[in-house]
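Student: Below: one structure in structure tokens.
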Amino acid sequence: MVEQECIYQDIDNKYQNATHVLGYVENELVAYTRVFGPGDYFKEASIGRVLVKSEHRIFGHGKKIVQASMDWLVKTYDQPIRISAQTYLTKFYLDLGFLSEGETYLEDGIPHINMVYKPVR
């Protein structure tokens, strides 16, 4: 919240429905996502709250934890994954196989875009 200058209370009552994916390096928590099954957040399965400690971003932990989250969702639900991505991360998600969908919009004052990953069958 501080890094993105987005001062809001991040209690959205969705944490209890999420599966929490934690990324550790030598017993230090350095990355996190939360994932949802179909209908828990969007109609499709979804990933959100992607976090990586700033000093660990140079090691590619963001892609690793998002890919692990995608792999788990595809294995568990075998259906598309929808995310609400900050627009400055569009290339990051395109590189992981997501496609942009629709127009950009503001969420908590930050430009976002819907993106969807469709697993290959």
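Residues are named by chain letter and number: chains run A, B, ... in the order of the structure tokens, numbers start at 1 in each chain, and ligands are numbered from 1 in the order shown.
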I want to know what sits within 12 Å of Tyr117 in chain A, based on only C-alpha atoms, with residues of the same chain fewer than 2 positions away left out; could you give that as a ChimeraX atom specification?

Tutor: /A:44-47,66-67,70-71,73-74,78-84,93-101,114-115,119-120

Student: If you run DSSP over the backbone, which residues in chain A end up strand (DSSP E)? Put them as number ranges by chain.

Tutor: A: 19-25, 28-36, 45-52, 81-86, 99-107, 110-117

Student: For the residues in the current selection, export C-alpha atoms as a short mmCIF file (atom, residue, chain, number, x, y, z; two decimals), in the first residue's frame.

Tutor:
```cif
data_model
loop_
_atom_site.label_atom_id
_atom_site.label_comp_id
_atom_site.auth_asym_id
_atom_site.auth_seq_id
_atom_site.Cartn_x
_atom_site.Cartn_y
_atom_site.Cartn_z
CA THR A 19 -5.67 -20.37 -1.39
CA HIS A 20 -2.53 -18.55 -0.30
CA VAL A 21 0.67 -19.26 -2.26
CA LEU A 22 3.86 -18.45 -0.38
CA GLY A 23 7.35 -18.19 -1.86
CA TYR A 24 10.33 -18.70 0.43
CA VAL A 25 14.06 -18.28 -0.07
CA GLU A 28 12.43 -16.00 4.34
CA LEU A 29 9.02 -15.20 2.88
CA VAL A 30 9.80 -13.20 -0.28
CA ALA A 31 6.73 -13.68 -2.51
CA TYR A 32 2.98 -14.17 -2.17
CA THR A 33 -0.16 -14.56 -4.25
CA ARG A 34 -3.69 -15.50 -3.44
CA VAL A 35 -5.64 -17.68 -5.85
CA PHE A 36 -9.35 -18.30 -6.18
CA ALA A 45 -10.35 -18.99 -11.56
CA SER A 46 -8.13 -16.04 -10.64
CA ILE A 47 -4.88 -14.80 -9.14
CA GLY A 48 -4.47 -11.63 -7.14
CA ARG A 49 -2.36 -9.72 -4.67
CA VAL A 50 0.95 -10.63 -6.29
CA LEU A 51 3.68 -9.42 -3.96
CA VAL A 52 7.47 -9.76 -4.08
CA ILE A 81 -7.69 -17.74 -15.37
CA ARG A 82 -8.77 -14.09 -15.16
CA ILE A 83 -6.76 -11.35 -13.49
CA SER A 84 -7.14 -7.63 -12.93
CA ALA A 85 -3.62 -6.48 -13.81
CA GLN A 86 -2.03 -3.12 -13.22
CA LEU A 99 -4.06 -11.84 -23.16
CA SER A 100 -5.52 -8.37 -22.56
CA GLU A 101 -9.28 -8.08 -22.64
CA GLY A 102 -11.25 -4.84 -22.82
CA GLU A 103 -10.32 -1.30 -21.92
CA THR A 104 -8.24 -0.01 -19.04
CA TYR A 105 -10.05 1.12 -15.90
CA LEU A 106 -9.16 2.64 -12.55
CA GLU A 107 -9.14 0.43 -9.47
CA ILE A 110 -4.43 2.74 -10.31
CA PRO A 111 -4.91 1.90 -14.04
CA HIS A 112 -5.80 -1.79 -14.53
CA ILE A 113 -6.82 -4.09 -17.37
CA ASN A 114 -8.54 -7.46 -17.41
CA MET A 115 -6.34 -10.26 -18.70
CA VAL A 116 -7.14 -13.92 -19.35
CA TYR A 117 -4.99 -17.02 -19.60
#
```

Student: Would you return as a PyMOL selection string the members of chain A that DSSP assigns to helix (DSSP H, G or I) on this structure's backbone?

Tutor: chain A and resi 15-17+54-59+61-77+87-95

Student: How about saving the chosen residues, N, CA and C atoms kept, as a JSON list (two decimals), in the first residue's frame?

Tutor:
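Everything below was put into again32.json:
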```json
[["chain", "number", "residue", "atom", "x", "y", "z"],
["A", 15, "TYR", "N", -10.14, -13.11, 1.62],
["A", 15, "TYR", "CA", -9.00, -13.90, 2.06],
["A", 15, "TYR", "C", -9.40, -15.29, 2.55],
["A", 16, "GLN", "N", -10.55, -15.39, 3.21],
["A", 16, "GLN", "CA", -10.95, -16.68, 3.75],
["A", 16, "GLN", "C", -11.33, -17.67, 2.64],
["A", 17, "ASN", "N", -11.65, -17.20, 1.44],
["A", 17, "ASN", "CA", -11.97, -18.09, 0.32],
["A", 17, "ASN", "C", -10.77, -18.39, -0.57],
["A", 54, "SER", "N", 10.85, -6.07, -2.52],
["A", 54, "SER", "CA", 11.56, -5.27, -3.53],
["A", 54, "SER", "C", 12.98, -5.75, -3.77],
["A", 55, "GLU", "N", 13.70, -6.13, -2.72],
["A", 55, "GLU", "CA", 15.09, -6.56, -2.90],
["A", 55, "GLU", "C", 15.21, -7.93, -3.55],
["A", 56, "HIS", "N", 14.10, -8.63, -3.75],
["A", 56, "HIS", "CA", 14.12, -9.96, -4.37],
["A", 56, "HIS", "C", 13.57, -9.95, -5.80],
["A", 57, "ARG", "N", 13.12, -8.82, -6.29],
["A", 57, "ARG", "CA", 12.50, -8.76, -7.61],
["A", 57, "ARG", "C", 13.49, -9.06, -8.73],
["A", 58, "ILE", "N", 14.76, -8.77, -8.53],
["A", 58, "ILE", "CA", 15.76, -9.00, -9.59],
["A", 58, "ILE", "C", 15.99, -10.48, -9.86],
["A", 59, "PHE", "N", 15.48, -11.35, -9.01],
["A", 59, "PHE", "CA", 15.72, -12.79, -9.15],
["A", 59, "PHE", "C", 14.59, -13.51, -9.88],
["A", 61, "HIS", "N", 11.44, -13.83, -8.97],
["A", 61, "HIS", "CA", 10.49, -14.51, -8.09],
["A", 61, "HIS", "C", 9.03, -14.19, -8.43],
["A", 62, "GLY", "N", 8.79, -13.04, -9.01],
["A", 62, "GLY", "CA", 7.43, -12.69, -9.42],
["A", 62, "GLY", "C", 6.91, -13.66, -10.46],
["A", 63, "LYS", "N", 7.70, -13.89, -11.51],
["A", 63, "LYS", "CA", 7.27, -14.84, -12.55],
["A", 63, "LYS", "C", 7.16, -16.24, -11.99],
["A", 64, "LYS", "N", 8.08, -16.60, -11.10],
["A", 64, "LYS", "CA", 8.05, -17.95, -10.52],
["A", 64, "LYS", "C", 6.77, -18.18, -9.72],
["A", 65, "ILE", "N", 6.39, -17.23, -8.89],
["A", 65, "ILE", "CA", 5.22, -17.45, -8.05],
["A", 65, "ILE", "C", 3.93, -17.35, -8.85],
["A", 66, "VAL", "N", 3.88, -16.46, -9.86],
["A", 66, "VAL", "CA", 2.69, -16.40, -10.70],
["A", 66, "VAL", "C", 2.58, -17.68, -11.52],
["A", 67, "GLN", "N", 3.69, -18.19, -12.07],
["A", 67, "GLN", "CA", 3.65, -19.44, -12.83],
["A", 67, "GLN", "C", 3.22, -20.60, -11.94],
["A", 68, "ALA", "N", 3.72, -20.67, -10.71],
["A", 68, "ALA", "CA", 3.31, -21.73, -9.78],
["A", 68, "ALA", "C", 1.81, -21.62, -9.48],
["A", 69, "SER", "N", 1.32, -20.40, -9.33],
["A", 69, "SER", "CA", -0.11, -20.19, -9.08],
["A", 69, "SER", "C", -0.93, -20.62, -10.28],
["A", 70, "MET", "N", -0.47, -20.27, -11.48],
["A", 70, "MET", "CA", -1.16, -20.68, -12.70],
["A", 70, "MET", "C", -1.18, -22.20, -12.82],
["A", 71, "ASP", "N", -0.04, -22.82, -12.60],
["A", 71, "ASP", "CA", 0.06, -24.28, -12.71],
["A", 71, "ASP", "C", -0.92, -24.96, -11.76],
["A", 72, "TRP", "N", -1.01, -24.46, -10.52],
["A", 72, "TRP", "CA", -1.91, -25.05, -9.54],
["A", 72, "TRP", "C", -3.37, -24.89, -9.97],
["A", 73, "LEU", "N", -3.72, -23.68, -10.44],
["A", 73, "LEU", "CA", -5.10, -23.43, -10.87],
["A", 73, "LEU", "C", -5.47, -24.29, -12.07],
["A", 74, "VAL", "N", -4.58, -24.42, -13.04],
["A", 74, "VAL", "CA", -4.87, -25.24, -14.22],
["A", 74, "VAL", "C", -5.02, -26.71, -13.81],
["A", 75, "LYS", "N", -4.12, -27.18, -12.97],
["A", 75, "LYS", "CA", -4.19, -28.58, -12.50],
["A", 75, "LYS", "C", -5.48, -28.82, -11.71],
["A", 76, "THR", "N", -5.88, -27.87, -10.90],
["A", 76, "THR", "CA", -7.03, -28.04, -10.02],
["A", 76, "THR", "C", -8.36, -27.81, -10.74],
["A", 77, "TYR", "N", -8.44, -26.80, -11.61],
["A", 77, "TYR", "CA", -9.71, -26.43, -12.22],
["A", 77, "TYR", "C", -9.77, -26.61, -13.73],
["A", 87, "THR", "N", -1.80, -1.91, -15.31],
["A", 87, "THR", "CA", -1.41, -1.79, -16.72],
["A", 87, "THR", "C", 0.10, -1.76, -16.92],
["A", 88, "TYR", "N", 0.86, -1.26, -15.97],
["A", 88, "TYR", "CA", 2.31, -1.22, -16.17],
["A", 88, "TYR", "C", 2.91, -2.63, -16.16],
["A", 89, "LEU", "N", 2.14, -3.62, -15.74],
["A", 89, "LEU", "CA", 2.61, -5.01, -15.72],
["A", 89, "LEU", "C", 2.06, -5.83, -16.89],
["A", 90, "THR", "N", 1.47, -5.18, -17.88],
["A", 90, "THR", "CA", 0.88, -5.90, -19.01],
["A", 90, "THR", "C", 1.90, -6.82, -19.67],
["A", 91, "LYS", "N", 3.10, -6.34, -19.98],
["A", 91, "LYS", "CA", 4.10, -7.19, -20.64],
["A", 91, "LYS", "C", 4.49, -8.38, -19.77],
["A", 92, "PHE", "N", 4.62, -8.17, -18.47],
["A", 92, "PHE", "CA", 4.92, -9.25, -17.53],
["A", 92, "PHE", "C", 3.91, -10.38, -17.70],
["A", 93, "TYR", "N", 2.62, -10.05, -17.73],
["A", 93, "TYR", "CA", 1.58, -11.07, -17.85],
["A", 93, "TYR", "C", 1.46, -11.61, -19.27],
["A", 94, "LEU", "N", 1.70, -10.77, -20.27],
["A", 94, "LEU", "CA", 1.72, -11.28, -21.66],
["A", 94, "LEU", "C", 2.79, -12.35, -21.82],
["A", 95, "ASP", "N", 3.95, -12.13, -21.21],
["A", 95, "ASP", "CA", 5.04, -13.10, -21.28],
["A", 95, "ASP", "C", 4.67, -14.43, -20.62]]
```
